[in-house]
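Okay, start.txt now, which holds compact mmCIF, C-alpha atoms and all ligand atoms:
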```
# COMPACT_ATOMS: atom_id res chain seq x y z
CA MET A 1 108.85 92.43 85.42
CA LYS A 2 107.13 90.64 88.29
CA ARG A 3 105.32 87.54 87.09
CA SER A 4 102.86 85.40 88.97
CA LYS A 5 102.40 81.65 89.27
CA ILE A 6 101.56 80.09 85.91
CA THR A 7 98.20 78.37 85.97
CA ILE A 8 96.95 75.15 84.40
CA ARG A 9 94.61 77.27 82.30
CA GLU A 10 97.54 79.29 80.93
CA ILE A 11 99.31 76.06 80.02
CA ARG A 12 96.23 74.86 78.15
CA ASP A 13 95.69 78.27 76.50
CA ALA A 14 99.26 78.27 75.20
CA LYS A 15 98.22 75.69 72.62
CA THR A 16 95.34 77.77 71.23
CA GLU A 17 97.61 80.82 71.22
CA SER A 18 100.36 78.84 69.44
CA ARG A 19 102.81 79.77 72.19
CA LYS A 20 105.50 77.13 72.67
CA LEU A 21 105.81 75.88 76.24
CA VAL A 22 109.18 75.50 77.94
CA MET A 23 109.85 72.89 80.60
CA VAL A 24 113.02 71.62 82.26
CA THR A 25 113.62 69.17 85.06
CA ALA A 26 114.72 70.32 88.50
CA TYR A 27 115.50 68.26 91.57
CA ASP A 28 116.46 70.78 94.24
CA TYR A 29 116.00 74.37 95.43
CA ALA A 30 118.98 75.80 93.51
CA PHE A 31 117.91 74.37 90.15
CA GLY A 32 114.24 75.19 90.80
CA LEU A 33 115.24 78.78 91.44
CA MET A 34 117.50 78.98 88.36
CA ALA A 35 114.81 77.49 86.12
CA ASP A 36 112.30 79.94 87.55
CA GLU A 37 114.65 82.90 87.04
CA ALA A 38 115.25 81.74 83.45
CA GLY A 39 111.51 82.08 82.91
CA VAL A 40 110.45 78.49 82.15
CA ASP A 41 106.72 77.75 82.17
CA MET A 42 107.10 74.50 84.09
CA ALA A 43 109.63 72.68 86.23
CA LEU A 44 109.34 68.91 86.21
CA VAL A 45 110.61 67.03 89.23
CA GLY A 46 111.19 63.95 87.11
CA ASP A 47 111.90 60.50 88.42
CA SER A 48 114.97 60.84 86.19
CA LEU A 49 116.39 62.00 89.51
CA GLY A 50 117.05 58.29 90.10
CA MET A 51 119.65 58.42 87.33
CA VAL A 52 121.05 61.96 87.29
CA VAL A 53 120.96 62.69 91.04
CA MET A 54 121.03 59.27 92.73
CA GLY A 55 123.30 57.57 90.16
CA LEU A 56 121.01 54.57 89.64
CA GLU A 57 120.87 52.61 86.38
CA ASN A 58 117.24 53.59 85.70
CA THR A 59 114.19 55.19 87.31
CA VAL A 60 112.54 52.00 88.60
CA ALA A 61 113.82 52.14 92.19
CA VAL A 62 112.75 55.73 92.86
CA THR A 63 110.28 55.87 95.76
CA MET A 64 107.43 58.14 96.78
CA ASP A 65 109.58 59.42 99.65
CA ASP A 66 112.41 60.27 97.22
CA MET A 67 109.96 62.20 95.06
CA ILE A 68 108.37 64.10 97.96
CA HIS A 69 111.79 65.06 99.33
CA HIS A 70 112.92 66.55 96.00
CA ILE A 71 109.57 68.12 95.09
CA ARG A 72 109.54 70.02 98.40
CA ALA A 73 112.92 71.52 97.58
CA VAL A 74 112.04 72.52 94.01
CA VAL A 75 108.76 74.10 95.09
CA GLN A 76 110.72 76.48 97.36
CA GLY A 77 112.59 77.81 94.31
CA CYS A 78 109.69 78.11 91.86
CA ARG A 79 107.72 81.26 92.44
CA ASN A 80 106.36 81.42 88.91
CA ALA A 81 106.93 78.12 87.17
CA LEU A 82 104.27 75.44 87.55
CA VAL A 83 105.81 72.47 89.37
CA VAL A 84 104.92 69.00 88.13
CA GLY A 85 105.93 65.96 90.19
CA ASP A 86 106.46 62.52 88.69
CA MET A 87 104.61 59.56 90.15
CA PRO A 88 107.31 56.91 90.56
CA PHE A 89 107.06 53.34 89.28
CA MET A 90 104.56 51.21 91.24
CA SER A 91 103.03 54.22 92.99
CA TYR A 92 100.00 54.13 90.65
CA ASN A 93 100.21 50.70 88.99
CA ILE A 94 98.54 48.52 91.63
CA SER A 95 95.09 50.06 91.98
CA ILE A 96 93.25 53.26 91.23
CA GLU A 97 92.84 53.91 94.98
CA GLN A 98 96.59 53.59 95.44
CA ALA A 99 97.15 56.01 92.55
CA VAL A 100 94.75 58.64 93.92
CA GLU A 101 96.26 58.38 97.39
CA ASN A 102 99.84 58.75 96.13
CA ALA A 103 98.96 61.60 93.76
CA GLY A 104 97.45 63.30 96.81
CA ARG A 105 100.68 62.77 98.78
CA LEU A 106 102.78 64.46 96.07
CA ILE A 107 100.46 67.46 96.18
CA LYS A 108 99.93 67.64 99.96
CA GLU A 109 103.38 66.62 101.23
CA GLY A 110 105.51 67.70 98.26
CA GLY A 111 103.56 70.85 97.43
CA CYS A 112 103.67 70.49 93.63
CA ASP A 113 100.92 71.84 91.38
CA ALA A 114 100.32 68.76 89.24
CA VAL A 115 101.44 65.15 88.84
CA LYS A 116 102.69 63.15 85.86
CA LEU A 117 102.30 59.45 85.23
CA GLU A 118 103.52 57.19 82.45
CA GLY A 119 101.19 55.21 80.19
CA GLY A 120 98.32 55.76 77.76
CA VAL A 121 95.24 53.60 77.16
CA ASP A 122 96.15 51.29 80.08
CA PHE A 123 96.32 54.15 82.57
CA ALA A 124 93.56 56.41 81.26
CA ASP A 125 91.10 55.29 83.97
CA THR A 126 93.71 55.93 86.62
CA ALA A 127 94.43 59.40 85.23
CA ALA A 128 90.69 60.16 85.06
CA ARG A 129 90.15 59.27 88.71
CA ILE A 130 93.07 61.42 89.86
CA VAL A 131 91.69 64.31 87.80
CA ARG A 132 88.26 63.76 89.37
CA ALA A 133 89.90 63.95 92.79
CA GLY A 134 90.90 67.51 91.86
CA ILE A 135 94.53 66.92 90.95
CA PRO A 136 95.85 68.12 87.57
CA VAL A 137 97.46 65.24 85.68
CA ARG A 138 100.00 65.21 82.87
CA GLY A 139 100.38 62.01 80.83
CA HIS A 140 103.59 60.56 79.39
CA ILE A 141 103.54 58.40 76.24
CA GLY A 142 105.97 57.06 73.62
CA LEU A 143 109.11 55.92 75.41
CA THR A 144 108.08 55.45 79.03
CA PRO A 145 111.35 55.01 80.99
CA GLN A 146 109.75 53.17 83.95
CA THR A 147 108.79 50.31 81.62
CA ALA A 148 111.66 50.67 79.16
CA THR A 149 112.62 47.03 79.67
CA SER A 150 109.28 45.86 78.25
CA LEU A 151 109.67 48.35 75.39
CA GLY A 152 113.04 46.89 74.35
CA GLY A 153 115.24 49.43 76.14
CA PHE A 154 115.66 53.20 75.88
CA LYS A 155 114.75 53.19 72.18
CA MET A 156 112.65 55.26 69.82
CA GLN A 157 108.99 54.16 69.85
CA GLY A 158 106.24 54.25 67.21
CA LYS A 159 108.47 53.22 64.29
CA ASP A 160 105.89 51.46 62.11
CA ALA A 161 102.31 52.45 61.34
CA GLU A 162 100.82 50.02 63.87
CA ALA A 163 103.04 51.14 66.75
CA ALA A 164 102.52 54.79 65.81
CA ARG A 165 98.75 54.30 65.72
CA ALA A 166 98.88 52.80 69.24
CA ILE A 167 100.63 55.95 70.48
CA ILE A 168 97.95 58.14 68.92
CA ASP A 169 95.33 55.99 70.68
CA ASP A 170 97.26 56.51 73.94
CA ALA A 171 97.16 60.28 73.42
CA ARG A 172 93.43 60.24 72.71
CA ALA A 173 92.71 58.11 75.77
CA LEU A 174 94.64 60.51 78.00
CA GLU A 175 92.88 63.51 76.48
CA ALA A 176 89.51 61.87 77.18
CA ALA A 177 90.69 61.17 80.74
CA GLY A 178 91.08 64.92 81.27
CA VAL A 179 94.85 65.37 81.47
CA PHE A 180 95.90 69.01 81.08
CA SER A 181 98.87 68.08 78.90
CA MET A 182 101.09 65.17 78.01
CA VAL A 183 104.78 64.43 77.42
CA ILE A 184 105.71 62.41 74.35
CA GLU A 185 109.19 60.91 74.40
CA ALA A 186 111.45 59.48 71.70
CA VAL A 187 109.16 59.12 68.69
CA PRO A 188 109.70 60.08 65.03
CA ALA A 189 109.13 63.80 64.43
CA PRO A 190 106.16 63.24 62.04
CA LEU A 191 104.43 61.19 64.75
CA GLY A 192 105.05 63.93 67.33
CA LYS A 193 103.40 66.38 64.92
CA LEU A 194 100.42 64.08 64.30
CA VAL A 195 99.83 63.57 68.01
CA ALA A 196 99.99 67.33 68.66
CA GLU A 197 97.50 67.91 65.85
CA THR A 198 95.20 65.15 67.09
CA VAL A 199 94.65 66.20 70.70
CA SER A 200 93.46 69.52 72.07
CA VAL A 201 95.80 69.63 75.09
CA PRO A 202 99.46 70.70 74.88
CA VAL A 203 101.86 67.95 73.85
CA ILE A 204 105.35 68.49 75.27
CA GLY A 205 108.06 66.70 73.33
CA ILE A 206 111.38 65.20 74.31
CA GLY A 207 112.93 63.63 71.25
CA ALA A 208 109.63 64.09 69.38
CA GLY A 209 110.69 66.73 66.85
CA PRO A 210 109.86 70.43 66.58
CA ASP A 211 106.18 70.32 65.69
CA VAL A 212 104.75 69.76 69.15
CA ASP A 213 103.42 72.34 71.60
CA GLY A 214 106.51 72.63 73.76
CA GLN A 215 109.75 70.96 74.77
CA VAL A 216 111.23 69.42 77.90
CA LEU A 217 114.83 68.43 78.57
CA VAL A 218 116.56 66.92 81.56
CA THR A 219 118.56 69.87 82.88
CA HIS A 220 121.55 67.75 83.86
CA ASP A 221 121.81 66.59 80.21
CA MET A 222 121.30 70.07 78.81
CA VAL A 223 123.97 71.78 80.94
CA GLY A 224 126.46 68.91 80.76
CA LEU A 225 126.27 67.75 84.37
CA PHE A 226 125.50 64.06 83.80
CA ASP A 227 128.56 61.88 83.28
CA ARG A 228 127.25 58.77 81.52
CA PHE A 229 125.72 59.57 78.12
CA VAL A 230 123.98 62.28 76.16
CA PRO A 231 120.81 61.09 74.40
CA LYS A 232 120.58 61.93 70.68
CA PHE A 233 117.69 64.33 71.25
CA VAL A 234 119.59 66.51 73.74
CA LYS A 235 121.20 69.79 72.75
CA GLN A 236 123.92 70.71 75.25
CA TYR A 237 123.76 74.43 75.99
CA ALA A 238 126.65 74.30 78.49
CA LYS A 239 129.25 71.90 79.80
CA ILE A 240 129.47 72.78 83.46
CA ARG A 241 130.84 69.46 84.77
CA PRO A 242 134.52 70.21 83.88
CA THR A 243 134.15 73.72 85.34
CA ILE A 244 132.95 72.29 88.65
CA ILE A 245 135.69 69.64 88.72
CA GLU A 246 138.32 72.34 88.05
CA ALA A 247 136.91 74.49 90.87
CA ILE A 248 137.02 71.58 93.35
CA LYS A 249 140.59 70.72 92.26
CA ALA A 250 141.71 74.33 92.70
CA TYR A 251 140.17 74.39 96.17
CA GLY A 252 141.98 71.13 97.03
CA ASP A 253 145.31 72.60 95.86
CA ASP A 254 144.73 75.77 97.91
CA VAL A 255 143.94 73.75 101.04
CA LYS A 256 147.12 71.73 100.61
CA THR A 257 149.35 74.78 100.01
CA GLY A 258 147.66 76.87 102.70
CA ALA A 259 146.47 79.47 100.17
CA PHE A 260 142.95 78.88 101.47
CA PRO A 261 141.57 80.17 103.74
CA ALA A 262 143.16 83.62 103.41
CA ALA A 263 142.66 86.50 105.85
CA GLU A 264 139.49 87.62 104.02
CA HIS A 265 137.89 84.21 104.64
CA SER A 266 138.78 84.16 108.36
CA PHE A 267 137.23 85.78 111.44
CA SER A 268 139.59 88.08 113.38
CA MET A 269 140.02 88.52 117.14
CA PRO A 270 141.56 91.61 118.87
CA GLU A 271 145.25 91.13 119.84
CA GLU A 272 144.42 91.92 123.51
CA THR A 273 141.82 89.12 123.63
CA VAL A 274 144.33 86.66 122.21
CA ALA A 275 146.89 87.82 124.78
CA VAL A 276 144.43 87.37 127.69
CA LEU A 277 143.47 83.92 126.37
CA LYS A 278 147.12 82.84 126.11
CA LYS A 279 147.87 84.13 129.62
CA ASN A 280 144.85 82.20 131.02
CA LEU A 281 146.02 79.04 129.32
CA GLY A 282 149.60 79.61 130.61
CA ASP A 283 148.31 80.10 134.18
CA GLU A 284 146.23 76.91 133.92
CA ASN A 285 149.20 74.91 132.63
CA GLU A 286 151.42 76.14 135.50
CA ALA A 287 148.76 75.23 138.09
CA GLU A 288 148.57 71.60 136.81
O1 LIG B 301 111.70 61.89 84.58
C1 LIG B 301 111.86 62.76 83.69
O2 LIG B 301 112.78 63.57 83.73
C2 LIG B 301 110.91 62.78 82.58
C3 LIG B 301 111.30 63.58 81.38
C4 LIG B 301 112.21 62.78 80.55
C5 LIG B 301 110.12 64.04 80.63
O3 LIG B 301 109.91 62.13 82.64
```

Translate this structure into structure tokens?
Amino acid sequence: MKRSKITIREIRDAKTESRKLVMVTAYDYAFGLMADEAGVDMALVGDSLGMVVMGLENTVAVTMDDMIHHIRAVVQGCRNALVVGDMPFMSYNISIEQAVENAGRLIKEGGCDAVKLEGGVDFADTAARIVRAGIPVRGHIGLTPQTATSLGGFKMQGKDAEAARAIIDDARALEAAGVFSMVIEAVPAPLGKLVAETVSVPVIGIGAGPDVDGQVLVTHDMVGLFDRFVPKFVKQYAKIRPTIIEAIKAYGDDVKTGAFPAAEHSFSMPEETVAVLKKNLGDENEAE
């Protein structure tokens, strides 16, 4: 069945219709296309690309140019899925003007449908101004990887009542700022549920339990493509890394033994043409 581009309104309506939203990350055309064919609602070009694609220790060094480059590729693959692009660290933290300008770049140069930024109460004004500029914004609360160092590392957030209450305040501030949805990462499941019940916009969980309005996973974690670690909240639906390594090894063996390329992988030339070519070369050699 032919589907059409999912709209922000449909994402918001999913919550009232109690329809769970599905989001995965994508960083290039091939994965954008596969996510789209699999029927996800949204593809997130996350700044997690710093870790799973660029091999960096964290997401801090990812730049606007990195994001635009990858967003452009994913957008080519996503005919139906809404594409959300992450605002990288320090692209919205200096001033509201800077944030609006960079959100505009992700939309205009990258071609994504919406942007995501990390932070709650402290970034609600920023989110509100981007929304007022006509750009759909998704928030990100709980564990915010760009500032994980200040949060004590990549650890569960909102453990005690005070910390949990602060996360609920973050969610409320973002809702009031006009975000169309928000990600909540690495919080206890009962807190995920409370946040989803508290705000009217869809709350997409990653390590926030089942009682939220949708889920997101980093695709490279979910399909077993990332080599370093698998977070507790990830379910691995495939392990494609060993399959790819085996395929590359087999190719290497074939190259060494001469089994590749075979006749079916090679372009032929008529015998007569080869003969003429050889004669020409022979004549040239004699003349020298
Ligand atoms: O960058 C990313 O992939 C994310 C997800 C973890 C939600 O922000």

Point-to-point distance in Å for atom CA of A:Met67 and atom CA of A:Cys112:
10.5 Å

Of the residues A:His69, A:Arg105, A:Lys116, A:Arg9, which is the one nearest to ligand LIG 301 (chain B), using only C-alpha atoms and all ligand atoms?
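Closest candidate: A:Lys116.
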
Please, which residues have at least one atom within 7 Å of an atom of ligand LIG 301 (chain B), using all atoms listed in the file, listed as a list in words?
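Answer in the requested format: Thr25, Leu44, Val45, Gly46, Asp47, Ser48, Leu49, Asp86, Val183, Ile206, Val216, Leu217 and Val218 of chain A.
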
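The gap separating atom CA of A:Leu82 from atom CA of A:Lys5 is 6.7 Å, in Å to one decimal.
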
Atom-to-atom span, atom CA of A:Lys155 and atom CA of A:Asp65, Å:
28.6 Å

Within 8 Å of stretch 232-236 of chain A, counting only C-alpha atoms, which residues show up once you throw out same-chain ones fewer than 5 positions away? Write them as a list in words, please.
Ala186, Ile206, Gly207, Leu217, Asp221, Met222, Val223 and Gly224 of chain A

Residues near A:Thr198, cut-off 9 Å, only C-alpha atoms, skip fewer than 4 positions along chain, as a list in words:
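In the requested format, the answer is Ile168, Ala171, Arg172, Lys193 and Leu194 of chain A.
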
Tell me which protein, DNA and RNA residues are within 12 Å of A:Ala189, counting all atoms listed in the file, leaving out same-chain ones fewer than 2 positions away, and put them as a list in words.
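Skipping anything fewer than 2 positions along the chain leaves Gly142, Met156, Gln157, Gly158, Lys159, Ala164, Ile184, Glu185, Ala186, Val187, Leu191, Gly192, Lys193, Leu194, Val195, Ala196, Gly205, Ile206, Gly207, Ala208, Gly209, Pro210, Asp211, Val212 and Phe233 of chain A.
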
Generate a file of the selected residues that holds C-alpha atoms, formatted as a PDB file, in the frame of the given file.
```
ATOM      1  CA  GLY A 142     105.970  57.060  73.620  1.00  0.00           C
ATOM      2  CA  MET A 156     112.650  55.260  69.820  1.00  0.00           C
ATOM      3  CA  GLN A 157     108.990  54.160  69.850  1.00  0.00           C
ATOM      4  CA  GLY A 158     106.240  54.250  67.210  1.00  0.00           C
ATOM      5  CA  LYS A 159     108.470  53.220  64.290  1.00  0.00           C
ATOM      6  CA  ALA A 164     102.520  54.790  65.810  1.00  0.00           C
ATOM      7  CA  ILE A 184     105.710  62.410  74.350  1.00  0.00           C
ATOM      8  CA  GLU A 185     109.190  60.910  74.400  1.00  0.00           C
ATOM      9  CA  ALA A 186     111.450  59.480  71.700  1.00  0.00           C
ATOM     10  CA  VAL A 187     109.160  59.120  68.690  1.00  0.00           C
ATOM     11  CA  LEU A 191     104.430  61.190  64.750  1.00  0.00           C
ATOM     12  CA  GLY A 192     105.050  63.930  67.330  1.00  0.00           C
ATOM     13  CA  LYS A 193     103.400  66.380  64.920  1.00  0.00           C
ATOM     14  CA  LEU A 194     100.420  64.080  64.300  1.00  0.00           C
ATOM     15  CA  VAL A 195      99.830  63.570  68.010  1.00  0.00           C
ATOM     16  CA  ALA A 196      99.990  67.330  68.660  1.00  0.00           C
ATOM     17  CA  GLY A 205     108.060  66.700  73.330  1.00  0.00           C
ATOM     18  CA  ILE A 206     111.380  65.200  74.310  1.00  0.00           C
ATOM     19  CA  GLY A 207     112.930  63.630  71.250  1.00  0.00           C
ATOM     20  CA  ALA A 208     109.630  64.090  69.380  1.00  0.00           C
ATOM     21  CA  GLY A 209     110.690  66.730  66.850  1.00  0.00           C
ATOM     22  CA  PRO A 210     109.860  70.430  66.580  1.00  0.00           C
ATOM     23  CA  ASP A 211     106.180  70.320  65.690  1.00  0.00           C
ATOM     24  CA  VAL A 212     104.750  69.760  69.150  1.00  0.00           C
ATOM     25  CA  PHE A 233     117.690  64.330  71.250  1.00  0.00           C
TER      26      PHE A 233
END
```

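Take the candidates A:Thr63, A:Asn80, A:Gln146, A:Ser18 and check each one against A:Ser4 using only C-alpha atoms; the shortest distance goes to A:Asn80.
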
May I have the residues within 8 Å of A:Val137 as a VMD selection string, using all atoms listed in the file and disregarding those fewer than 5 positions away in the same chain?
chain A and resid 114 to 117 127 130 to 131 178 to 181

Kindly save the residues from that selection, with C-alpha atoms included, as a PDB file, in the frame of the given file.
```pdb
ATOM      1  CA  ALA A 114     100.320  68.760  89.240  1.00  0.00           C
ATOM      2  CA  VAL A 115     101.440  65.150  88.840  1.00  0.00           C
ATOM      3  CA  LYS A 116     102.690  63.150  85.860  1.00  0.00           C
ATOM      4  CA  LEU A 117     102.300  59.450  85.230  1.00  0.00           C
ATOM      5  CA  ALA A 127      94.430  59.400  85.230  1.00  0.00           C
ATOM      6  CA  ILE A 130      93.070  61.420  89.860  1.00  0.00           C
ATOM      7  CA  VAL A 131      91.690  64.310  87.800  1.00  0.00           C
ATOM      8  CA  GLY A 178      91.080  64.920  81.270  1.00  0.00           C
ATOM      9  CA  VAL A 179      94.850  65.370  81.470  1.00  0.00           C
ATOM     10  CA  PHE A 180      95.900  69.010  81.080  1.00  0.00           C
ATOM     11  CA  SER A 181      98.870  68.080  78.900  1.00  0.00           C
TER      12      SER A 181
END
```

Smallest atom-to-atom distance to A:Tyr27: which of A:Ala173, A:His220, A:Met64, A:Glu271, using only C-alpha atoms?
A:His220
